[in-house]
file final_17.cif (mmCIF, C-alpha atoms)
data_start
loop_
_atom_site.label_atom_id
_atom_site.label_comp_id
_atom_site.auth_asym_id
_atom_site.auth_seq_id
_atom_site.Cartn_x
_atom_site.Cartn_y
_atom_site.Cartn_z
CA MET A 1 64.61 113.55 122.15
CA SER A 2 67.69 114.16 120.04
CA ILE A 3 71.10 113.91 121.60
CA THR A 4 73.77 116.37 120.61
CA ILE A 5 77.03 114.60 119.86
CA GLU A 6 79.93 116.96 119.86
CA ALA A 7 83.60 117.01 120.72
CA ASN A 8 86.43 119.33 119.91
CA CYS A 9 89.08 118.67 117.31
CA PRO A 10 92.31 117.78 119.16
CA GLU A 11 94.28 119.63 116.47
CA CYS A 12 92.48 123.00 116.11
CA ASP A 13 89.88 122.83 118.90
CA ALA A 14 87.02 123.47 116.47
CA PRO A 15 83.75 121.77 117.43
CA VAL A 16 83.16 118.49 115.56
CA GLN A 17 79.52 117.48 115.30
CA PRO A 18 78.86 114.38 113.15
CA ALA A 19 75.79 114.47 110.93
CA ARG A 20 74.70 111.10 112.31
CA ARG A 21 75.51 108.89 115.27
CA PRO A 22 79.20 107.97 114.86
CA LEU A 23 80.57 104.44 114.98
CA ALA A 24 83.49 103.35 117.11
CA GLY A 25 86.64 103.37 115.01
CA GLU A 26 85.09 105.63 112.36
CA ILE A 27 87.34 108.20 110.71
CA LEU A 28 85.92 111.72 110.50
CA ARG A 29 87.44 114.85 109.00
CA CYS A 30 87.53 118.13 110.86
CA THR A 31 85.71 120.71 108.73
CA GLN A 32 87.95 123.45 110.11
CA CYS A 33 91.49 122.08 109.69
CA SER A 34 90.78 118.96 107.55
CA VAL A 35 92.73 116.66 109.85
CA GLU A 36 91.55 113.04 110.06
CA LEU A 37 90.06 112.07 113.42
CA GLU A 38 89.26 108.65 114.81
CA VAL A 39 86.21 108.04 116.97
CA THR A 40 87.80 106.23 119.90
CA SER A 41 84.62 106.17 121.99
CA THR A 42 80.97 106.76 121.21
CA GLU A 43 79.67 107.03 124.79
CA PRO A 44 81.07 109.47 125.72
CA PHE A 45 81.90 110.76 122.25
CA ARG A 46 85.71 111.05 122.03
CA LEU A 47 88.04 111.87 119.18
CA GLU A 48 91.75 111.41 118.69
CA LEU A 49 94.00 112.25 115.77
CA ALA A 50 93.74 109.30 113.41
CA PRO A 51 97.02 107.39 113.08
CA GLU A 52 98.91 108.07 109.86
CA VAL A 53 98.73 105.31 107.26
CA GLU A 54 102.11 103.55 107.06
CA GLU A 55 103.68 101.91 104.03
CA ASP A 56 105.13 98.43 104.20
CA TRP A 57 106.10 95.63 101.87
CA GLY A 58 105.57 91.91 102.07
CA GLU A 59 103.31 89.08 100.98
CA MET B 1 114.12 67.77 122.44
CA THR B 2 111.46 67.88 119.73
CA ASN B 3 108.58 70.31 119.90
CA ARG B 4 106.20 67.33 120.22
CA ALA B 5 107.84 66.42 123.49
CA ILE B 6 107.05 69.83 124.99
CA ASP B 7 103.65 70.23 126.62
CA LEU B 8 102.33 73.08 124.52
CA GLU B 9 98.97 74.75 125.01
CA THR B 10 96.45 74.23 122.23
CA ASP B 11 96.93 77.58 120.54
CA VAL B 12 100.69 77.13 120.29
CA ARG B 13 100.35 73.44 119.41
CA VAL B 14 98.24 74.32 116.36
CA LEU B 15 100.83 76.87 115.25
CA VAL B 16 103.81 74.60 115.82
CA ASP B 17 102.21 71.64 114.04
CA LEU B 18 101.32 73.76 111.02
CA VAL B 19 104.78 75.31 110.78
CA SER B 20 106.40 71.90 111.29
CA THR B 21 104.53 70.46 108.30
CA ARG B 22 106.23 71.63 105.12
CA SER B 23 103.86 72.94 102.49
CA GLU B 24 105.64 74.61 99.64
CA SER B 25 103.25 75.74 96.93
CA GLY B 26 101.94 72.70 95.10
CA ASN B 27 102.53 70.39 98.07
CA GLU B 28 99.95 71.60 100.55
CA ALA B 29 97.96 68.39 101.12
CA LYS B 30 99.73 67.19 104.25
CA ALA B 31 99.55 70.57 106.00
CA ALA B 32 95.92 70.96 104.91
CA HIS B 33 95.07 67.74 106.72
CA VAL B 34 96.99 68.90 109.82
CA PHE B 35 94.87 72.06 109.74
CA ALA B 36 91.69 70.01 109.33
CA HIS B 37 92.66 67.73 112.21
CA HIS B 38 93.16 70.64 114.59
CA ALA B 39 90.04 72.42 113.38
CA SER B 40 88.03 69.28 114.05
CA GLN B 41 89.54 68.98 117.53
CA LEU B 42 88.43 72.58 118.14
CA GLY B 43 84.85 71.65 117.23
CA LEU B 44 84.67 72.99 113.68
CA GLN B 45 83.45 71.21 110.57
CA THR B 46 86.31 70.63 108.16
CA GLU B 47 87.08 69.84 104.57
CA VAL B 48 90.06 69.79 102.22
CA ASP B 49 88.80 70.68 98.76
CA VAL B 50 90.05 69.62 95.34
CA MET B 51 92.56 72.50 95.27
CA ASN B 52 94.00 71.39 98.64
CA ASN B 53 92.46 74.41 100.30
CA ALA B 54 92.10 73.63 104.01
CA ILE B 55 88.69 74.79 105.24
CA ALA B 56 86.92 74.91 108.61
CA HIS B 57 83.40 76.14 109.35
CA ARG B 58 81.31 76.91 112.38
CA GLY B 59 77.72 78.06 112.55
CA PRO B 60 74.64 77.07 110.58
CA PRO B 61 74.83 75.28 107.21
CA ALA B 62 75.58 77.47 104.22
CA HIS B 63 71.97 77.41 102.91
CA GLU B 64 70.62 78.73 106.23
CA VAL B 65 73.21 81.44 106.69
CA HIS B 66 72.23 85.08 107.00
CA THR B 67 75.66 86.38 107.93
CA HIS B 68 78.89 84.83 106.76
CA ILE B 69 82.36 85.97 107.85
CA PHE B 70 85.27 84.53 105.91
CA LEU B 71 88.78 84.36 107.37
CA LEU B 72 91.08 83.69 104.45
CA GLY B 73 94.72 82.79 105.03
CA HIS B 74 97.03 80.61 103.02
CA ILE B 75 98.63 77.32 103.88
CA ASP B 76 101.41 77.23 101.30
CA THR B 77 104.84 78.73 101.82
CA VAL B 78 107.81 79.66 99.71
CA PRO B 79 110.67 77.08 99.69
CA GLY B 80 113.28 77.05 102.42
CA ASP B 81 113.90 74.57 105.19
CA ILE B 82 114.28 76.45 108.48
CA PRO B 83 114.62 74.12 111.48
CA VAL B 84 111.46 74.52 113.57
CA ARG B 85 112.24 75.50 117.13
CA ILE B 86 111.10 77.80 119.93
CA GLU B 87 113.86 80.01 121.33
CA ASP B 88 113.28 82.82 123.80
CA GLY B 89 109.57 82.92 123.04
CA MET B 90 110.10 82.98 119.26
CA LEU B 91 108.93 80.25 116.93
CA PHE B 92 111.38 79.83 114.05
CA GLY B 93 110.25 78.09 110.87
CA ARG B 94 109.28 78.63 107.26
CA GLY B 95 105.77 80.04 107.17
CA SER B 96 105.71 81.13 110.82
CA VAL B 97 105.06 84.70 109.63
CA ASP B 98 103.94 84.18 106.01
CA ALA B 99 101.38 83.02 106.82
CA LYS B 100 100.77 80.06 109.12
CA GLY B 101 100.92 82.34 112.17
CA PRO B 102 98.01 84.44 110.89
CA LEU B 103 96.16 81.29 109.73
CA ALA B 104 96.52 79.54 113.10
CA ALA B 105 95.47 82.72 114.91
CA MET B 106 92.32 82.92 112.78
CA LEU B 107 91.47 79.28 113.46
CA ILE B 108 91.85 79.67 117.23
CA ALA B 109 89.92 82.96 117.22
CA ALA B 110 87.08 81.46 115.18
CA SER B 111 86.79 78.59 117.65
CA ARG B 112 86.77 80.92 120.68
CA ALA B 113 84.52 83.74 119.48
CA ASP B 114 81.13 84.15 121.13
CA LEU B 115 78.87 84.59 118.09
CA PRO B 116 75.16 84.91 117.34
CA GLU B 117 73.66 81.59 116.23
CA SER B 118 72.88 82.87 112.75
CA VAL B 119 76.51 83.67 111.97
CA ARG B 120 78.67 81.30 109.98
CA VAL B 121 82.43 81.69 110.13
CA THR B 122 84.72 80.02 107.62
CA VAL B 123 88.47 79.78 108.09
CA ALA B 124 90.38 78.79 104.98
CA GLY B 125 94.04 78.15 104.33
CA ALA B 126 94.26 78.67 100.60
CA ALA B 127 96.71 76.73 98.47
CA GLY B 128 98.99 78.38 95.94
CA GLU B 129 99.07 81.92 97.30
CA GLU B 130 102.82 82.14 96.80
CA THR B 131 102.48 81.48 93.08
CA ALA B 132 101.23 83.87 90.42
CA GLY B 133 97.58 83.12 89.87
CA SER B 134 96.63 82.19 93.46
CA ALA B 135 94.65 79.18 92.26
CA GLY B 136 93.32 78.27 95.72
CA ALA B 137 91.90 81.68 96.54
CA ARG B 138 90.50 82.06 93.04
CA PHE B 139 88.62 78.78 93.51
CA LEU B 140 87.27 79.87 96.90
CA ALA B 141 86.25 83.24 95.49
CA GLN B 142 83.98 81.49 92.99
CA HIS B 143 82.36 79.21 95.58
CA HIS B 144 81.56 81.62 98.44
CA ARG B 145 79.93 85.03 98.85
CA PRO B 146 80.70 86.20 102.39
CA ASP B 147 79.42 89.37 104.02
CA ALA B 148 82.86 90.28 105.36
CA CYS B 149 86.39 88.96 105.05
CA ILE B 150 89.64 89.15 106.98
CA ILE B 151 92.73 88.13 105.02
CA GLY B 152 95.32 86.39 107.18
CA GLU B 153 98.65 88.04 106.47
CA PRO B 154 101.21 89.57 108.82
CA SER B 155 100.36 93.15 109.72
CA GLY B 156 101.79 92.98 113.23
CA TRP B 157 99.32 92.41 116.07
CA ASP B 158 98.63 96.16 116.30
CA GLY B 159 98.49 96.77 112.55
CA VAL B 160 95.67 96.57 110.02
CA THR B 161 96.50 96.24 106.33
CA LEU B 162 94.14 98.32 104.23
CA GLY B 163 95.40 97.30 100.82
CA TYR B 164 97.96 95.86 98.47
CA LYS B 165 99.37 96.99 95.16
CA GLY B 166 98.59 95.13 91.98
CA ARG B 167 101.04 93.21 89.85
CA LEU B 168 101.86 92.33 86.27
CA LEU B 169 104.67 90.03 85.13
CA VAL B 170 105.99 90.60 81.62
CA THR B 171 108.37 88.61 79.47
CA ALA B 172 109.93 90.48 76.56
CA SER B 173 111.95 88.58 74.00
CA ALA B 174 113.71 89.29 70.72
CA THR B 175 115.04 86.78 68.19
CA ARG B 176 117.20 87.63 65.18
CA ASP B 177 119.64 86.01 62.78
CA LEU B 178 123.17 86.09 64.07
CA SER B 179 125.56 88.60 62.52
CA HIS B 180 129.04 89.78 63.23
CA THR B 181 129.20 91.89 66.38
CA ALA B 182 131.37 94.44 64.54
CA GLY B 183 128.50 95.06 62.13
CA PRO B 184 125.84 97.78 62.27
CA ASP B 185 122.90 95.66 63.51
CA ASP B 186 121.62 95.66 67.07
CA SER B 187 121.92 92.36 68.88
CA ALA B 188 118.85 90.66 70.33
CA ALA B 189 120.06 91.77 73.76
CA ASP B 190 120.34 95.38 72.49
CA MET B 191 116.74 95.18 71.30
CA VAL B 192 115.27 94.10 74.64
CA ALA B 193 117.59 96.45 76.55
CA GLN B 194 116.35 99.39 74.46
CA TRP B 195 112.76 98.31 75.09
CA TRP B 196 113.42 98.16 78.82
CA ARG B 197 115.14 101.57 78.87
CA ALA B 198 112.14 103.15 77.14
CA VAL B 199 109.77 101.48 79.60
CA THR B 200 111.67 102.64 82.68
CA ASP B 201 111.83 106.20 81.28
CA GLU B 202 108.04 106.19 80.95
CA VAL B 203 107.61 104.68 84.40
CA ALA B 204 109.78 107.40 85.93
CA ALA B 205 107.81 110.11 84.14
CA SER B 206 104.49 108.67 85.32
CA ASN B 207 105.67 108.68 88.93
CA GLN B 208 106.66 112.34 89.13
CA ASP B 209 103.54 113.39 91.02
CA HIS B 210 103.44 110.45 93.43
CA THR B 211 105.25 110.67 96.75
CA ARG B 212 104.04 107.40 98.28
CA VAL B 213 105.40 104.10 97.04
CA PHE B 214 101.84 102.75 97.17
CA ASP B 215 100.87 105.31 94.52
CA ALA B 216 103.88 104.72 92.27
CA LEU B 217 104.29 102.30 89.38
CA GLN B 218 107.32 100.15 90.23
CA SER B 219 109.28 98.07 87.73
CA THR B 220 111.99 95.49 88.41
CA ILE B 221 114.03 93.05 86.34
CA ARG B 222 113.44 89.52 87.65
CA HIS B 223 115.53 87.55 85.15
CA MET B 224 117.42 88.07 81.89
CA SER B 225 119.15 85.68 79.51
CA THR B 226 120.50 85.22 76.01
CA GLU B 227 120.94 82.06 74.01
CA SER B 228 122.11 81.12 70.56
CA ASP B 229 122.09 78.00 68.36
CA GLY B 230 124.80 79.38 66.04
CA LEU B 231 122.28 80.68 63.49
CA THR B 232 119.87 82.76 65.55
CA GLU B 233 120.07 84.44 68.92
CA THR B 234 117.33 85.13 71.45
CA ALA B 235 117.37 87.58 74.33
CA THR B 236 114.73 87.41 77.05
CA ILE B 237 114.00 89.71 79.94
CA GLU B 238 111.41 88.99 82.62
CA VAL B 239 110.19 92.01 84.51
CA GLY B 240 107.70 92.62 87.25
CA PHE B 241 105.49 95.66 87.71
CA ARG B 242 103.88 96.64 91.01
CA LEU B 243 100.75 98.52 90.13
CA PRO B 244 99.17 101.44 91.97
CA ARG B 245 95.43 102.01 91.89
CA TRP B 246 95.59 104.41 88.98
CA ILE B 247 96.54 101.77 86.44
CA SER B 248 95.01 98.32 85.96
CA PRO B 249 96.87 95.34 84.48
CA ASP B 250 94.82 95.66 81.28
CA GLN B 251 95.71 99.34 80.93
CA LEU B 252 99.40 98.62 81.42
CA ILE B 253 99.28 95.76 78.91
CA GLU B 254 97.66 98.12 76.40
CA GLN B 255 100.29 100.80 76.95
CA LEU B 256 103.21 98.38 76.78
CA THR B 257 101.86 96.70 73.66
CA ALA B 258 101.35 100.03 71.90
CA ARG B 259 104.96 101.10 72.53
CA THR B 260 106.73 97.84 71.79
CA PRO B 261 109.05 98.06 68.77
CA VAL B 262 109.03 95.60 65.89
CA GLY B 263 111.10 92.56 66.72
CA VAL B 264 110.27 92.47 70.45
CA ALA B 265 107.47 90.13 71.58
CA LEU B 266 105.68 90.44 74.91
CA SER B 267 103.80 87.92 77.04
CA PHE B 268 101.98 88.58 80.31
CA ASN B 269 100.95 86.71 83.45
CA GLY B 270 100.30 87.12 87.17
CA ALA B 271 97.94 90.04 86.67
CA GLU B 272 96.37 91.42 89.85
CA THR B 273 94.64 94.75 90.34
CA ALA B 274 95.58 97.00 93.28
CA HIS B 275 93.01 97.25 96.03
CA ALA B 276 92.74 99.50 99.06
CA THR B 277 89.93 99.43 101.58
CA SER B 278 88.43 102.56 103.13
CA ARG B 279 89.52 103.34 106.68
CA ASN B 280 85.81 103.36 107.51
CA ASP B 281 85.34 99.81 106.24
CA PRO B 282 83.57 97.79 108.99
CA VAL B 283 86.35 95.17 109.10
CA VAL B 284 88.96 97.91 109.57
CA ARG B 285 86.87 99.62 112.25
CA HIS B 286 86.35 96.46 114.26
CA LEU B 287 89.97 95.33 114.02
CA SER B 288 91.11 98.83 115.02
CA GLY B 289 88.66 98.89 117.91
CA ALA B 290 89.89 95.52 119.15
CA ILE B 291 93.51 96.72 118.97
CA ARG B 292 92.59 99.84 120.97
CA ALA B 293 90.74 97.70 123.51
CA ALA B 294 93.94 95.67 123.90
CA GLY B 295 95.82 98.83 124.80
CA ALA B 296 97.58 99.82 121.58
CA THR B 297 97.07 102.46 118.92
CA PRO B 298 96.13 100.73 115.65
CA ARG B 299 98.60 101.13 112.79
CA PRO B 300 96.87 101.25 109.40
CA LYS B 301 99.13 100.06 106.59
CA LEU B 302 99.27 99.97 102.83
CA LYS B 303 101.52 97.28 101.39
CA THR B 304 103.52 97.35 98.20
CA GLY B 305 103.24 93.58 97.73
CA THR B 306 100.27 91.53 96.57
CA ALA B 307 98.11 89.06 98.47
CA ASP B 308 94.91 87.05 98.12
CA LEU B 309 93.06 90.23 99.09
CA ASN B 310 93.69 91.36 95.50
CA VAL B 311 92.06 88.15 94.25
CA VAL B 312 88.88 88.02 96.31
CA ALA B 313 88.10 91.70 96.96
CA PRO B 314 86.97 92.51 93.39
CA ILE B 315 84.75 89.41 93.35
CA TRP B 316 83.27 89.48 96.83
CA ARG B 317 82.92 93.27 97.07
CA CYS B 318 82.41 93.00 100.83
CA PRO B 319 84.08 94.70 103.81
CA ILE B 320 87.67 93.43 103.85
CA ALA B 321 91.11 94.04 105.35
CA ALA B 322 94.19 91.98 106.16
CA TYR B 323 95.40 91.19 109.65
CA GLY B 324 97.77 88.83 111.38
CA PRO B 325 100.72 88.56 113.73
CA GLY B 326 104.27 88.88 112.53
CA ASP B 327 106.76 91.21 110.90
CA SER B 328 106.41 90.98 107.14
CA ALA B 329 110.05 92.07 106.77
CA LEU B 330 110.76 88.45 107.75
CA ASP B 331 108.60 87.04 104.92
CA HIS B 332 110.60 84.63 102.73
CA THR B 333 113.83 85.15 104.73
CA PRO B 334 116.04 82.45 106.31
CA ASN B 335 115.41 84.13 109.69
CA GLU B 336 111.60 83.85 109.58
CA HIS B 337 110.21 83.72 113.13
CA LEU B 338 107.17 84.75 115.11
CA SER B 339 106.82 85.93 118.70
CA ILE B 340 104.50 83.61 120.64
CA ASP B 341 103.33 86.57 122.73
CA GLU B 342 102.46 88.51 119.59
CA TYR B 343 100.65 85.48 118.20
CA ARG B 344 98.52 85.33 121.34
CA HIS B 345 97.81 89.07 121.26
CA SER B 346 96.58 88.67 117.71
CA ILE B 347 94.23 85.85 118.72
CA SER B 348 92.64 88.14 121.32
CA VAL B 349 92.30 90.97 118.78
CA LEU B 350 90.80 88.67 116.14
CA THR B 351 88.37 87.12 118.61
CA ALA B 352 87.10 90.51 119.77
CA ALA B 353 86.94 91.87 116.22
CA ILE B 354 85.00 88.89 114.89
CA GLU B 355 82.52 89.13 117.76
CA SER B 356 81.80 92.84 117.33
CA LEU B 357 81.79 92.63 113.54
CA ALA B 358 79.31 89.75 113.66
CA ARG B 359 76.98 91.71 115.93
CA GLU B 360 77.06 94.70 113.60
CA LEU B 361 76.47 92.59 110.49
CA VAL B 362 73.56 90.73 112.11
CA ALA B 363 71.98 94.01 113.21
CA LYS B 364 72.24 95.36 109.66
CA SER B 365 71.17 92.21 107.81
CA PRO B 366 67.81 92.25 105.96
CA CYS B 367 66.64 89.31 108.10
CA ALA B 368 67.30 91.23 111.30
CA THR B 369 65.36 94.20 109.92
CA ALA B 370 62.45 91.97 108.88
CA SER B 371 62.14 90.38 112.30
CA ALA B 372 62.29 93.77 113.98
CA ILE B 373 59.41 95.01 111.82
CA ALA B 374 57.38 91.88 112.55
CA ILE B 375 57.73 92.40 116.29
#
call {"tool": "encode", "arguments": {"input": "final_17.cif", "output": "structure tokens"}}
result
Amino acid sequence: MSITIEANCPECDAPVQPARRPLAGEILRCTQCSVELEVTSTEPFRLELAPEVEEDWGE
Amino acid sequence: MTNRAIDLETDVRVLVDLVSTRSESGNEAKAAHVFAHHASQLGLQTEVDVMNNAIAHRGPPAHEVHTHIFLLGHIDTVPGDIPVRIEDGMLFGRGSVDAKGPLAAMLIAASRADLPESVRVTVAGAAGEETAGSAGARFLAQHHRPDACIIGEPSGWDGVTLGYKGRLLVTASATRDLSHTAGPDDSAADMVAQWWRAVTDEVAASNQDHTRVFDALQSTIRHMSTESDGLTETATIEVGFRLPRWISPDQLIEQLTARTPVGVALSFNGAETAHATSRNDPVVRHLSGAIRAAGATPRPKLKTGTADLNVVAPIWRCPIAAYGPGDSALDHTPNEHLSIDEYRHSISVLTAAIESLARELVAKSPCATASAIAI
């Protein structure tokens, strides 16, 4: 029995349905608005806007 | 009161002892043995190799290993004697941030992690990271082939460093017979100054389409001098380039060489290629997940400096990212200090990340697949 994994994009509310079972922490892209989304939970499947990449110096 | 007189818990004791043992690049042996002593006390196998890399292992012997996670920090520091002390929960001392804090956190996390028996974890404090060439990490890169690597550098306990820019150091020099300064000839200093002006014009033009510093080619003068023996004069300028991913050291050398005028000679060293890991890299995912589990939103970062990640990533070609407690704005400063609370948060994050990463790697390893088929 296949399980439908779906959540809505927190930016544009479009349905986001990964092609395969997502991994915790994985970054997906909304096909509607192209925003980057982070999988914050797999069971239940939850998405949040992925944090922006910062720039820093050092080392 | 000395720090030794205070009854510190093991995790802080390891940190304080490492920071208290000076280890400027080239003089790492004493600190390497302090690291090995503590690693042994924590139940790990230890060695200090010929490069003075301090190494600790847990798990099965290398020849029986199916999954190997490498935690690579560095044990050397830049010069600077900062009195070691704990004030208001902050440990002051050279190397507390860059990078004995991250190294100590990795050692404690490796000793605490609950891991499958088939997983080997190595924690290494490389020698010579603060010098161009990173001899310690280069040696380790040739002698290990891990399945995943965390580089121990300060990202902040809630940060994950995805990548570092590359680097190329260039020395340009011009020598000519002395002549009267009222005459028509350019001086040696004029010659290298003109070379540098042309280079910076080209650098500026190449950066027009790049808004992020990580994507820009940066150039800085590190040193300049002139000298004369009364018959000839020599002008020398040492410059450093921070390289984005779109240009390799070899490509920059080729471009600089092609545009260098007659009379100016170039030499190169410290070449490192920029590297940035995918946000979906398993090491990034597991570190981010552990940060979320600890109650924070992970902060992915790209750094404009260079680290041992640049050295080992192209050789190991495995999942990799950099992580560690501390504010890298304090790197190399006279005010270098690390929050003990942050240090402890980072140990929890590293422990959780290593555990979940190990489980994923074991599940994906060919040996795990083979045994599943056999059953």
call {"tool": "closest_atom_pairs", "arguments": {"input": "final_17.cif", "of": "chain A", "to": "chain B", "cutoff": "7 Å", "atoms": "all atoms listed in the file", "output": "JSON lines"}}
result
{"residue": "A:Ala24", "atom": "CA", "partner": "B:Gly289", "partner_atom": "CA", "distance": 6.9}
{"residue": "A:Gly25", "atom": "CA", "partner": "B:Arg285", "partner_atom": "CA", "distance": 4.7}
{"residue": "A:Glu26", "atom": "CA", "partner": "B:Asn280", "partner_atom": "CA", "distance": 5.4}
{"residue": "A:Ile27", "atom": "CA", "partner": "B:Asn280", "partner_atom": "CA", "distance": 6.0}
{"residue": "A:Pro51", "atom": "CA", "partner": "B:Arg299", "partner_atom": "CA", "distance": 6.5}
{"residue": "A:Val53", "atom": "CA", "partner": "B:Pro300", "partner_atom": "CA", "distance": 5.0}
{"residue": "A:Glu54", "atom": "CA", "partner": "B:Lys301", "partner_atom": "CA", "distance": 4.6}
{"residue": "A:Glu55", "atom": "CA", "partner": "B:Leu302", "partner_atom": "CA", "distance": 5.0}
{"residue": "A:Asp56", "atom": "CA", "partner": "B:Lys303", "partner_atom": "CA", "distance": 4.7}
{"residue": "A:Trp57", "atom": "CA", "partner": "B:Thr304", "partner_atom": "CA", "distance": 4.8}
{"residue": "A:Gly58", "atom": "CA", "partner": "B:Gly305", "partner_atom": "CA", "distance": 5.2}
{"residue": "A:Glu59", "atom": "CA", "partner": "B:Gly305", "partner_atom": "CA", "distance": 5.6}
call {"tool": "write_last_selection", "arguments": {"input": "final_17.cif", "atoms": "C-alpha atoms", "output": "PDB file, in the frame of the given file"}}
result
ATOM      1  CA  ALA A  24      83.490 103.350 117.110  1.00  0.00           C
ATOM      2  CA  GLY A  25      86.640 103.370 115.010  1.00  0.00           C
ATOM      3  CA  GLU A  26      85.090 105.630 112.360  1.00  0.00           C
ATOM      4  CA  ILE A  27      87.340 108.200 110.710  1.00  0.00           C
ATOM      5  CA  PRO A  51      97.020 107.390 113.080  1.00  0.00           C
ATOM      6  CA  VAL A  53      98.730 105.310 107.260  1.00  0.00           C
ATOM      7  CA  GLU A  54     102.110 103.550 107.060  1.00  0.00           C
ATOM      8  CA  GLU A  55     103.680 101.910 104.030  1.00  0.00           C
ATOM      9  CA  ASP A  56     105.130  98.430 104.200  1.00  0.00           C
ATOM     10  CA  TRP A  57     106.100  95.630 101.870  1.00  0.00           C
ATOM     11  CA  GLY A  58     105.570  91.910 102.070  1.00  0.00           C
ATOM     12  CA  GLU A  59     103.310  89.080 100.980  1.00  0.00           C
TER      13      GLU A  59
END
call {"tool": "atom_distance", "arguments": {"input": "final_17.cif", "atom1": "atom CA of Gly326 of chain B", "atom2": "atom CA of Ala29 of chain B"}}
result
24.3 Å
call {"tool": "resolve_selection", "arguments": {"input": "final_17.cif", "expression": "the PyMOL selection byres ((chain A and resi 44) around 12)", "output": "number ranges by chain"}}
result
A: 3-7, 21-24, 39-43, 45-47
call {"tool": "residues_around", "arguments": {"input": "final_17.cif", "residues": "Arg222 of chain B", "least_positions_apart": "4", "cutoff": "9 Å", "atoms": "all atoms listed in the file", "output": "list in words"}}
result
Ile237, Glu238, Val239 and Gly240 of chain B
call {"tool": "resolve_selection", "arguments": {"input": "final_17.cif", "expression": "the PyMOL selection byres ((chain B and resi 102-108) around 8)", "output": "CSV table (one decimal) with C-alpha atoms, in the coordinates of the input"}}
result
chain,number,residue,atom,x,y,z
B,11,ASP,CA,96.9,77.6,120.5
B,14,VAL,CA,98.2,74.3,116.4
B,15,LEU,CA,100.8,76.9,115.2
B,18,LEU,CA,101.3,73.8,111.0
B,39,ALA,CA,90.0,72.4,113.4
B,42,LEU,CA,88.4,72.6,118.1
B,56,ALA,CA,86.9,74.9,108.6
B,71,LEU,CA,88.8,84.4,107.4
B,72,LEU,CA,91.1,83.7,104.4
B,73,GLY,CA,94.7,82.8,105.0
B,74,HIS,CA,97.0,80.6,103.0
B,75,ILE,CA,98.6,77.3,103.9
B,97,VAL,CA,105.1,84.7,109.6
B,98,ASP,CA,103.9,84.2,106.0
B,99,ALA,CA,101.4,83.0,106.8
B,100,LYS,CA,100.8,80.1,109.1
B,101,GLY,CA,100.9,82.3,112.2
B,109,ALA,CA,89.9,83.0,117.2
B,110,ALA,CA,87.1,81.5,115.2
B,111,SER,CA,86.8,78.6,117.6
B,112,ARG,CA,86.8,80.9,120.7
B,123,VAL,CA,88.5,79.8,108.1
B,124,ALA,CA,90.4,78.8,105.0
B,125,GLY,CA,94.0,78.2,104.3
B,152,GLY,CA,95.3,86.4,107.2
B,153,GLU,CA,98.6,88.0,106.5
B,154,PRO,CA,101.2,89.6,108.8
B,323,TYR,CA,95.4,91.2,109.6
B,324,GLY,CA,97.8,88.8,111.4
B,325,PRO,CA,100.7,88.6,113.7
B,326,GLY,CA,104.3,88.9,112.5
B,343,TYR,CA,100.6,85.5,118.2
B,344,ARG,CA,98.5,85.3,121.3
B,346,SER,CA,96.6,88.7,117.7
B,347,ILE,CA,94.2,85.8,118.7
B,350,LEU,CA,90.8,88.7,116.1
call {"tool": "atom_distance", "arguments": {"input": "final_17.cif", "atom1": "atom CA of Ala216 of chain B", "atom2": "atom CA of Glu36 of chain A"}}
result
23.2 Å
call {"tool": "atom_distance", "arguments": {"input": "final_17.cif", "atom1": "atom CA of Ala265 of chain B", "atom2": "atom CA of Val203 of chain B"}}
result
19.4 Å
call {"tool": "resolve_selection", "arguments": {"input": "final_17.cif", "expression": "the PyMOL selection byres ((chain B and resi 178) around 10)", "output": "ChimeraX atom specification"}}
result
/B:175-177,179-181,185,187-188,228-234
call {"tool": "closest_residue", "arguments": {"input": "final_17.cif", "among": "B:Gly93, B:Pro61, B:Pro249, B:Gly163", "to": "Asp215 of chain B", "atoms": "only C-alpha atoms"}}
result
B:Gly163
call {"tool": "residues_around", "arguments": {"input": "final_17.cif", "residues": "Leu37 of chain A", "least_positions_apart": "5", "cutoff": "6 Å", "atoms": "only C-alpha atoms", "output": "list in words"}}
result
Ile27, Leu28, Arg29, Glu48, Leu49 and Ala50 of chain A
call {"tool": "write_last_selection", "arguments": {"input": "final_17.cif", "atoms": "C-alpha atoms", "output": "mmCIF file, keeping the file's coordinate frame"}}
result
data_model
loop_
_atom_site.group_PDB
_atom_site.id
_atom_site.type_symbol
_atom_site.label_atom_id
_atom_site.label_comp_id
_atom_site.auth_asym_id
_atom_site.auth_seq_id
_atom_site.Cartn_x
_atom_site.Cartn_y
_atom_site.Cartn_z
ATOM 1 C CA ILE A 27 87.340 108.200 110.710
ATOM 2 C CA LEU A 28 85.920 111.720 110.500
ATOM 3 C CA ARG A 29 87.440 114.850 109.000
ATOM 4 C CA GLU A 48 91.750 111.410 118.690
ATOM 5 C CA LEU A 49 94.000 112.250 115.770
ATOM 6 C CA ALA A 50 93.740 109.300 113.410
#
call {"tool": "closest_residue", "arguments": {"input": "final_17.cif", "among": "B:Gln218, B:Thr351, B:Thr226, B:Ser339", "to": "Ala294 of chain B", "atoms": "all atoms listed in the file"}}
result
B:Thr351
call {"tool": "axis_aligned_box", "arguments": {"input": "final_17.cif", "around": "segment 59-71 of chain B", "padding_each_side": "5 Å", "output": "lines of an AutoDock Vina configuration file"}}
result
center_x = 79.7
center_y = 80.8
center_z = 107.7
size_x = 28.2
size_y = 21.1
size_z = 19.6
call {"tool": "residues_around", "arguments": {"input": "final_17.cif", "residues": "Cys12 of chain A", "least_positions_apart": "4", "cutoff": "9 Å", "atoms": "only C-alpha atoms", "output": "list in words"}}
result
Asn8, Cys30, Gln32, Cys33 and Val35 of chain A
